[in-house]
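A.B. asks: upload.cif is reproduced in full below (mmCIF, C-alpha atoms).
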data_work
loop_
_atom_site.label_atom_id
_atom_site.label_comp_id
_atom_site.auth_asym_id
_atom_site.auth_seq_id
_atom_site.Cartn_x
_atom_site.Cartn_y
_atom_site.Cartn_z
CA MET A 710 102.26 123.34 126.93
CA LYS A 711 105.97 122.60 126.73
CA ALA A 712 105.39 118.93 127.59
CA PHE A 713 102.73 118.66 124.88
CA GLY A 714 105.11 120.11 122.29
CA MET A 715 107.86 117.71 123.30
CA ALA A 716 105.44 114.76 123.16
CA LEU A 717 104.25 115.81 119.72
CA ALA A 718 107.81 116.23 118.42
CA THR A 719 108.77 112.82 119.84
CA ALA A 720 105.75 111.16 118.22
CA VAL A 721 106.62 112.67 114.84
CA VAL A 722 110.27 111.62 115.07
CA LEU A 723 109.32 108.07 116.09
CA ALA A 724 106.78 107.81 113.27
CA ILE A 725 109.29 108.95 110.66
CA GLY A 726 111.95 106.61 112.05
CA ALA A 727 109.56 103.65 112.04
CA SER A 728 108.52 104.45 108.48
CA VAL A 729 112.11 104.50 107.26
CA ILE A 730 113.01 101.26 109.05
CA LEU A 731 109.88 99.36 107.99
CA GLU A 732 110.06 100.51 104.38
CA GLY A 733 113.64 99.33 104.16
CA THR A 734 113.06 95.90 105.69
CA LEU A 735 109.46 95.06 104.81
CA GLY A 736 109.21 96.79 101.45
CA ARG A 737 110.34 93.74 99.50
CA THR A 738 108.10 91.51 97.42
CA ALA A 739 107.63 87.84 98.21
CA ASP A 740 109.72 86.93 95.15
CA GLU A 741 112.64 88.89 96.60
CA THR A 742 112.11 87.82 100.20
CA TYR A 743 111.90 84.09 99.62
CA ALA A 744 114.45 83.88 96.83
CA ALA A 745 117.06 81.34 97.86
CA PRO A 746 119.27 78.93 95.95
CA SER A 747 116.89 76.07 96.74
CA VAL A 748 113.78 77.94 95.53
CA ARG A 749 112.89 77.73 91.87
CA LEU A 750 110.37 80.26 90.63
CA SER A 751 109.39 79.78 87.03
CA GLU A 752 107.92 82.62 85.04
CA GLU A 753 104.38 81.23 85.45
CA ASN A 754 104.64 81.71 89.21
CA THR A 755 105.78 85.32 89.23
CA VAL A 756 103.46 88.20 90.00
CA GLN A 757 104.27 89.93 86.71
CA HIS A 758 103.21 86.90 84.66
CA ARG A 759 99.92 86.17 86.43
CA ASN A 760 96.65 87.28 84.87
CA PHE A 761 94.46 88.63 87.65
CA THR A 762 91.63 89.69 85.34
CA GLY A 763 90.07 86.22 85.44
CA HIS A 764 90.25 85.58 81.69
#
Show the structure stored in the file as structure tokens.
C.D. replies:
Amino acid sequence: MKAFGMALATAVVLAIGASVILEGTLGRTADETYAAPSVRLSEENTVQHRNFTGH
């Protein structure tokens, strides 16, 4: 029973740690990730400007 408790605690700690790390590194939008001096994104190409309703 002690080994099961330790395994469960380890799994929880690893899951929380992975969540914090992944949210910090992979939680950026494509506009933020690929923004570089050589990349020019006009307003028409941003996610906020697009009309996804199909009209």
A.B. asks: Find the distance between CA of Gly733 (chain A) and CA of Met715 (chain A) and write it in Å to one decimal.
C.D. replies: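 Distance reported for this atom pair: 27.2 Å.
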A.B. asks: Starting from 5 Å padding per side, set up an axis-aligned box that covers all listed atoms of region 723-737 of chain A and hand over centre and edge lengths in Å, one decimal, as JSON.
C.D. replies:
{"center_x": 110.2, "center_y": 101.3, "center_z": 107.8, "size_x": 16.9, "size_y": 25.2, "size_z": 26.6}
A.B. asks: What separation in Å, quoted to one decimal, exists between CA of Ala724 (chain A) and CA of Gly736 (chain A)?
C.D. replies: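 These atoms are spaced 16.3 Å apart.
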A.B. asks: CA of Ala739 (chain A) and CA of Val722 (chain A) are how many Å apart?
C.D. replies: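 CA of Val722 (chain A) lies at a distance of 29.3 Å from CA of Ala739 (chain A).
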